[in-house]
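Read through the structure below, which is laid out as structure tokens, and then see the notes.
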Amino acid sequence: PSAYVEKGSPVACWNRNGEVLLERAAQPRRIRETCALIGGNPNHFHWTWEAAARLMLLEDEPDCAGLPIIVGSELASYERDTLDRLGYPAEKRIGVPRETVCECRDLWIPSLVTQRTIPHPRAVSWLRERLARPGSQPTRRLFVSRADASWRRIMNEEEVEAVLLRYGFEKVVLGGMTLDQQIDLFAQAQVVVGGHGAGLANVLFAPASARLLELSSHSYPAEFFSALARTIGQTARRLNGPIVGAQSRMPHLWDFTIETRELEDSLKDLLGAA
């Protein structure tokens with residue numbers, strides 16, 4: 001994308017075939033020890049599946065056991081917590097600032113474990129075994145709010161919340177929670193309803209008996225949260241609503257509304273599912 005061609009970026013040019021020409025840094029950072037590239041992503045979903053889950057492949061390869069990993073130097077707290085719990089504490093991480101060019105003597109690069117952002121079932125099992133916690137009998141009905149989001153907002157969220165409250169849901173805003181708090185919360189989830197966004201990645205920590213209703217717009221019929229839930233064994237439904245203006249040229253960021261009557265119908269269907 002043209003957004004990659006910007007001042008300070010190592011990308012000199014790119015073409016439609018995906019070929020990229022990089023500017024060679026005058027003084028690249030040299031990493032002498034054998035290591036593996038994991039990287040990072042500020043989005044919780046993309047971090048989990050495009051970075052953390054790839055550690056599974058290092059575990060599979062005997063030559064990679066115990067290797068330090070290259071990650072971003074400014075990891076969010078949940079990224080650090082995830083790596084700690086997966087066996088990669090600070091002393092096994094090489095933090096590299098954005099747009100730094102590195103020269104590595106020996107570098108392993110594990111491939112993605114997703115296809116079109118849908119994770120491989122084995123990667124789902126691998127992360128659940130290492131991160132999820134079995135809870136008591138799940139009873140909580142969670143409404144994952146996007147009230148703190150800047151895009152893909154549910155513009156009639158108050159109306160949506162009013163309907164959900166009648167069905168015993170509680171509103172949760174995940175932005176200020178630690179990884180452990182989110183894991184514990186979703187371990188107790190009986191039903192999860194929320195707008196399409198990174199917060200729904202936490203169904204990874206919910207019981208196989210949990211049920212998911214994902215709210216999104218007609219402009220962005222993505223399936224990866226539903227696919228993740230079904231891989232775990234959860235029941236998943238989607239409800240799409242009309243967009244409210246086209247705020248950018250990227251349809252996956254557009255705000256939308258949800259028809260409350262359709263929401264009630266979807267809830268009755270979901271709650272009545274075996």
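Identifiers in the structure tokens: chain A, B, ... in order shown; residue index from 1 per chain; ligand index from 1 in order shown.
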_Please list as a list in words every residue within 8 Å of Leu37 (chain A), counting only C-alpha atoms and excluding residues in the same chain fewer than 4 positions away._
Ile69, Ile70, Val71, Leu107, Trp108, Ile109 and Pro110 of chain A
Serialized selection, N, CA, C and O atoms, as a PDB file, in the first residue's frame:
```
ATOM      1  N   ILE A  69      13.927 -14.021  20.488  1.00  0.00           N
ATOM      2  CA  ILE A  69      13.032 -13.571  19.418  1.00  0.00           C
ATOM      3  C   ILE A  69      13.146 -12.054  19.239  1.00  0.00           C
ATOM      4  O   ILE A  69      13.338 -11.315  20.209  1.00  0.00           O
ATOM      5  N   ILE A  70      13.033 -11.616  17.988  1.00  0.00           N
ATOM      6  CA  ILE A  70      13.012 -10.191  17.685  1.00  0.00           C
ATOM      7  C   ILE A  70      11.564  -9.705  17.712  1.00  0.00           C
ATOM      8  O   ILE A  70      10.705 -10.251  17.023  1.00  0.00           O
ATOM      9  N   VAL A  71      11.317  -8.703  18.548  1.00  0.00           N
ATOM     10  CA  VAL A  71       9.980  -8.113  18.666  1.00  0.00           C
ATOM     11  C   VAL A  71      10.126  -6.593  18.672  1.00  0.00           C
ATOM     12  O   VAL A  71      11.241  -6.063  18.711  1.00  0.00           O
ATOM     13  N   LEU A 107      18.910 -16.064  10.964  1.00  0.00           N
ATOM     14  CA  LEU A 107      17.571 -15.632  11.345  1.00  0.00           C
ATOM     15  C   LEU A 107      16.536 -16.660  10.908  1.00  0.00           C
ATOM     16  O   LEU A 107      16.479 -17.044   9.741  1.00  0.00           O
ATOM     17  N   TRP A 108      15.707 -17.092  11.854  1.00  0.00           N
ATOM     18  CA  TRP A 108      14.575 -17.959  11.558  1.00  0.00           C
ATOM     19  C   TRP A 108      13.321 -17.080  11.455  1.00  0.00           C
ATOM     20  O   TRP A 108      13.112 -16.194  12.280  1.00  0.00           O
ATOM     21  N   ILE A 109      12.498 -17.361  10.453  1.00  0.00           N
ATOM     22  CA  ILE A 109      11.247 -16.613  10.275  1.00  0.00           C
ATOM     23  C   ILE A 109      10.098 -17.617  10.185  1.00  0.00           C
ATOM     24  O   ILE A 109       9.865 -18.207   9.122  1.00  0.00           O
ATOM     25  N   PRO A 110       9.392 -17.851  11.297  1.00  0.00           N
ATOM     26  CA  PRO A 110       8.253 -18.779  11.234  1.00  0.00           C
ATOM     27  C   PRO A 110       7.138 -18.196  10.372  1.00  0.00           C
ATOM     28  O   PRO A 110       6.884 -16.992  10.389  1.00  0.00           O
TER      29      PRO A 110
END
```
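Computed from the coordinates, the CA of Ser217 (chain A) to CA of Gly241 (chain A) distance equals 4.7 Å.
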*asked:* If you run DSSP on the backbone here, which positions in region 4-234 of chain A get helix (DSSP H, G or I)? Please write them as a PyMOL selection string.
replied: chain A and resi 4+44-50+52-60+62-64+77-85+90-92+121-131+157-166+179-187+198-205+224-232
*asked:* Please list as a ChimeraX atom specification every residue within 10 Å of Glu79 (chain A), counting only C-alpha atoms and excluding residues in the same chain fewer than 4 positions away.
replied: /A:40-44,47-48,51-52,71-72,74-75,83-84,179
Take the residues from that selection and put them in a file with N, CA and C atoms, as a PDB file, in the first residue's frame.
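The result, stored in selection-v4.pdb:
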```
ATOM      1  N   GLY A  40       5.516  -7.662  15.858  1.00  0.00           N
ATOM      2  CA  GLY A  40       4.477  -7.198  16.769  1.00  0.00           C
ATOM      3  C   GLY A  40       3.372  -6.510  15.995  1.00  0.00           C
ATOM      4  N   ASN A  41       2.303  -6.188  16.717  1.00  0.00           N
ATOM      5  CA  ASN A  41       1.180  -5.480  16.113  1.00  0.00           C
ATOM      6  C   ASN A  41       0.365  -4.860  17.243  1.00  0.00           C
ATOM      7  N   PRO A  42       0.030  -3.571  17.160  1.00  0.00           N
ATOM      8  CA  PRO A  42      -0.715  -2.932  18.252  1.00  0.00           C
ATOM      9  C   PRO A  42      -2.156  -3.416  18.382  1.00  0.00           C
ATOM     10  N   ASN A  43      -2.664  -4.135  17.382  1.00  0.00           N
ATOM     11  CA  ASN A  43      -4.021  -4.668  17.436  1.00  0.00           C
ATOM     12  C   ASN A  43      -4.001  -6.036  18.114  1.00  0.00           C
ATOM     13  N   HIS A  44      -4.875  -6.210  19.097  1.00  0.00           N
ATOM     14  CA  HIS A  44      -4.875  -7.430  19.909  1.00  0.00           C
ATOM     15  C   HIS A  44      -5.078  -8.685  19.065  1.00  0.00           C
ATOM     16  N   TRP A  47      -1.989  -9.168  16.759  1.00  0.00           N
ATOM     17  CA  TRP A  47      -0.850  -9.576  17.584  1.00  0.00           C
ATOM     18  C   TRP A  47      -0.953 -11.062  17.946  1.00  0.00           C
ATOM     19  N   THR A  48      -2.133 -11.470  18.377  1.00  0.00           N
ATOM     20  CA  THR A  48      -2.307 -12.853  18.823  1.00  0.00           C
ATOM     21  C   THR A  48      -2.025 -13.846  17.706  1.00  0.00           C
ATOM     22  N   ALA A  51       1.570 -12.845  15.301  1.00  0.00           N
ATOM     23  CA  ALA A  51       2.849 -12.792  16.016  1.00  0.00           C
ATOM     24  C   ALA A  51       2.920 -13.932  17.032  1.00  0.00           C
ATOM     25  N   ALA A  52       2.146 -13.841  18.115  1.00  0.00           N
ATOM     26  CA  ALA A  52       2.281 -14.802  19.205  1.00  0.00           C
ATOM     27  C   ALA A  52       2.064 -16.253  18.770  1.00  0.00           C
ATOM     28  N   VAL A  71      11.317  -8.703  18.548  1.00  0.00           N
ATOM     29  CA  VAL A  71       9.980  -8.113  18.666  1.00  0.00           C
ATOM     30  C   VAL A  71      10.126  -6.593  18.672  1.00  0.00           C
ATOM     31  N   GLY A  72       9.012  -5.896  18.638  1.00  0.00           N
ATOM     32  CA  GLY A  72       9.049  -4.445  18.728  1.00  0.00           C
ATOM     33  C   GLY A  72       9.573  -3.998  20.083  1.00  0.00           C
ATOM     34  N   GLU A  74       8.593  -1.387  21.690  1.00  0.00           N
ATOM     35  CA  GLU A  74       7.551  -0.712  22.464  1.00  0.00           C
ATOM     36  C   GLU A  74       6.310  -1.590  22.544  1.00  0.00           C
ATOM     37  N   LEU A  75       6.456  -2.763  23.101  1.00  0.00           N
ATOM     38  CA  LEU A  75       5.331  -3.682  23.228  1.00  0.00           C
ATOM     39  C   LEU A  75       4.314  -3.157  24.233  1.00  0.00           C
ATOM     40  N   LEU A  83       3.835 -12.911  25.939  1.00  0.00           N
ATOM     41  CA  LEU A  83       5.151 -13.526  25.742  1.00  0.00           C
ATOM     42  C   LEU A  83       5.667 -14.154  27.032  1.00  0.00           C
ATOM     43  N   ASP A  84       5.468 -13.485  28.158  1.00  0.00           N
ATOM     44  CA  ASP A  84       5.888 -14.059  29.444  1.00  0.00           C
ATOM     45  C   ASP A  84       5.223 -15.408  29.667  1.00  0.00           C
ATOM     46  N   LEU A 179      -4.141  -8.524  30.404  1.00  0.00           N
ATOM     47  CA  LEU A 179      -4.377  -9.812  29.758  1.00  0.00           C
ATOM     48  C   LEU A 179      -5.043 -10.782  30.726  1.00  0.00           C
TER      49      LEU A 179
END
```
*Distance CA of Leu228 (chain A)-CA of Asp180 (chain A), one decimal place?*
20.2 Å
*Using only C-alpha atoms, which of A:Ile258, A:Val172, A:Met250, A:Leu270 sits nearest Glu159 (chain A)?*
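When distances to Glu159 (chain A) are compared using only C-alpha atoms, the smallest one comes from A:Ile258.
The residues of region 152-249 of chain A that DSSP classifies as strand (DSSP E or B), using the backbone of this structure, are A:Ile154, A:Phe169, A:Glu170, A:Lys171, A:Val172, A:Ala189, A:Gln190, A:Val191, A:Val192, A:Val193, A:Gly194, A:Gly195, A:Arg211, A:Leu212, A:Leu213, A:Glu214, A:Leu215, A:Ser216, A:Ser217, A:Thr235, A:Ala236, A:Arg237, A:Arg238, A:Leu239, A:Asn240, A:Gly241, A:Ile243.
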_Report as JSON, numbers by chain all protein, DNA and RNA residues lying within 7 Å of region 183-187 of chain A, evaluated on only C-alpha atoms, omitting residues in the same chain fewer than 3 positions from it._
{"A": [132, 133, 134, 135, 179, 180, 202, 203, 205, 206, 207]}
Dump N, CA, C and O atoms for the selected residues as an mmCIF file, in the first residue's frame?
```
data_model
loop_
_atom_site.group_PDB
_atom_site.id
_atom_site.type_symbol
_atom_site.label_atom_id
_atom_site.label_comp_id
_atom_site.auth_asym_id
_atom_site.auth_seq_id
_atom_site.Cartn_x
_atom_site.Cartn_y
_atom_site.Cartn_z
ATOM 1 N N ALA A 132 -5.549 -20.075 28.089
ATOM 2 C CA ALA A 132 -6.906 -20.112 28.637
ATOM 3 C C ALA A 132 -6.913 -20.777 30.000
ATOM 4 O O ALA A 132 -6.059 -21.619 30.315
ATOM 5 N N ARG A 133 -7.880 -20.394 30.816
ATOM 6 C CA ARG A 133 -8.040 -20.970 32.151
ATOM 7 C C ARG A 133 -9.442 -21.548 32.277
ATOM 8 O O ARG A 133 -10.418 -20.850 31.997
ATOM 9 N N PRO A 134 -9.540 -22.784 32.709
ATOM 10 C CA PRO A 134 -10.884 -23.335 32.913
ATOM 11 C C PRO A 134 -11.576 -22.585 34.044
ATOM 12 O O PRO A 134 -11.019 -22.399 35.119
ATOM 13 N N GLY A 135 -12.787 -22.114 33.787
ATOM 14 C CA GLY A 135 -13.535 -21.409 34.813
ATOM 15 C C GLY A 135 -14.577 -22.305 35.438
ATOM 16 O O GLY A 135 -14.707 -23.485 35.117
ATOM 17 N N LEU A 179 -4.141 -8.524 30.404
ATOM 18 C CA LEU A 179 -4.377 -9.812 29.758
ATOM 19 C C LEU A 179 -5.043 -10.782 30.726
ATOM 20 O O LEU A 179 -6.018 -11.449 30.377
ATOM 21 N N ASP A 180 -4.551 -10.870 31.957
ATOM 22 C CA ASP A 180 -5.118 -11.805 32.924
ATOM 23 C C ASP A 180 -6.580 -11.480 33.230
ATOM 24 O O ASP A 180 -7.402 -12.390 33.389
ATOM 25 N N ASN A 202 -10.959 -12.384 22.208
ATOM 26 C CA ASN A 202 -10.957 -13.027 23.513
ATOM 27 C C ASN A 202 -11.880 -14.233 23.606
ATOM 28 O O ASN A 202 -11.888 -14.916 24.634
ATOM 29 N N VAL A 203 -12.670 -14.508 22.575
ATOM 30 C CA VAL A 203 -13.423 -15.766 22.595
ATOM 31 C C VAL A 203 -12.452 -16.945 22.641
ATOM 32 O O VAL A 203 -12.845 -18.066 22.980
ATOM 33 N N PHE A 205 -10.480 -17.430 24.880
ATOM 34 C CA PHE A 205 -10.403 -17.819 26.288
ATOM 35 C C PHE A 205 -11.740 -18.294 26.844
ATOM 36 O O PHE A 205 -11.822 -18.671 28.009
ATOM 37 N N ALA A 206 -12.793 -18.242 26.027
ATOM 38 C CA ALA A 206 -14.121 -18.624 26.494
ATOM 39 C C ALA A 206 -14.313 -20.137 26.386
ATOM 40 O O ALA A 206 -13.647 -20.810 25.589
ATOM 41 N N PRO A 207 -15.214 -20.696 27.172
ATOM 42 C CA PRO A 207 -15.473 -22.136 27.104
ATOM 43 C C PRO A 207 -16.005 -22.556 25.735
ATOM 44 O O PRO A 207 -16.578 -21.751 24.995
#
```
Excluding region 140-151 of chain A and any residue of its chain fewer than 6 positions from it, enumerate the residues within 8 Å of it, using only C-alpha atoms, and give them as a JSON list (two decimals) with C-alpha atoms, in the first residue's frame.
```json
[["chain", "number", "residue", "atom", "x", "y", "z"],
["A", 157, "GLU", "CA", -24.91, 1.54, 20.89],
["A", 161, "GLU", "CA", -27.24, -1.94, 25.10],
["A", 164, "LEU", "CA", -29.10, -6.52, 25.75],
["A", 168, "GLY", "CA", -29.12, -10.13, 31.29],
["A", 169, "PHE", "CA", -26.04, -8.78, 29.55],
["A", 170, "GLU", "CA", -23.40, -6.60, 31.19],
["A", 171, "LYS", "CA", -21.39, -4.03, 29.26],
["A", 172, "VAL", "CA", -17.59, -4.44, 29.32],
["A", 173, "VAL", "CA", -14.93, -2.12, 27.90],
["A", 174, "LEU", "CA", -11.73, -4.06, 27.45],
["A", 175, "GLY", "CA", -9.29, -1.26, 26.66],
["A", 188, "GLN", "CA", -16.84, -17.05, 32.72],
["A", 189, "ALA", "CA", -18.64, -16.16, 29.49],
["A", 190, "GLN", "CA", -21.84, -17.96, 28.62],
["A", 191, "VAL", "CA", -22.72, -15.58, 25.76],
["A", 192, "VAL", "CA", -20.66, -12.86, 24.06],
["A", 193, "VAL", "CA", -22.15, -10.07, 21.93],
["A", 194, "GLY", "CA", -19.99, -7.35, 20.45],
["A", 195, "GLY", "CA", -19.08, -5.24, 17.47],
["A", 197, "GLY", "CA", -13.15, -5.67, 16.57],
["A", 199, "GLY", "CA", -12.00, -7.47, 21.64],
["A", 200, "LEU", "CA", -13.78, -10.47, 20.14],
["A", 253, "LEU", "CA", -13.49, 0.89, 9.27],
["A", 254, "TRP", "CA", -16.95, 2.32, 8.58],
["A", 255, "ASP", "CA", -19.36, 2.99, 11.44]]
```
*Please provide the set of residues having any atom within 12 Å of Pro89 (chain A), restricted to only C-alpha atoms, with same-chain residues fewer than 2 positions apart removed, written as a list in words.*
Gly66, Leu67, Pro68, Ile69, Val71, Glu79, Arg80, Asp81, Thr82, Leu83, Asp84, Arg85, Leu86, Gly87, Glu91, Lys92, Arg93, Ile94 and Gly95 of chain A
_Shortest interatomic distance to Ala236 (chain A) - which of A:Thr100, A:Ser73, A:Ser209, A:Ser219, counting only C-alpha atoms_ = A:Ser209
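Neighbouring residues of Cys102 (chain A) at 6 Å or closer, counting only C-alpha atoms and skipping chain neighbours under 3 positions away, are Pro28, Arg29 and Arg30 of chain A.
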*Among the residues A:Phe45, A:Tyr88, A:Trp14, A:Phe224, the one that comes closest to Gln115 (chain A) [using only C-alpha atoms]*: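 The closest residue to Gln115 (chain A) is A:Phe224.
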*What is the distance, in Å and to one decimal place, between CA of Glu264 (chain A) and CA of Asn156 (chain A)?*
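The value is 14.6 Å.
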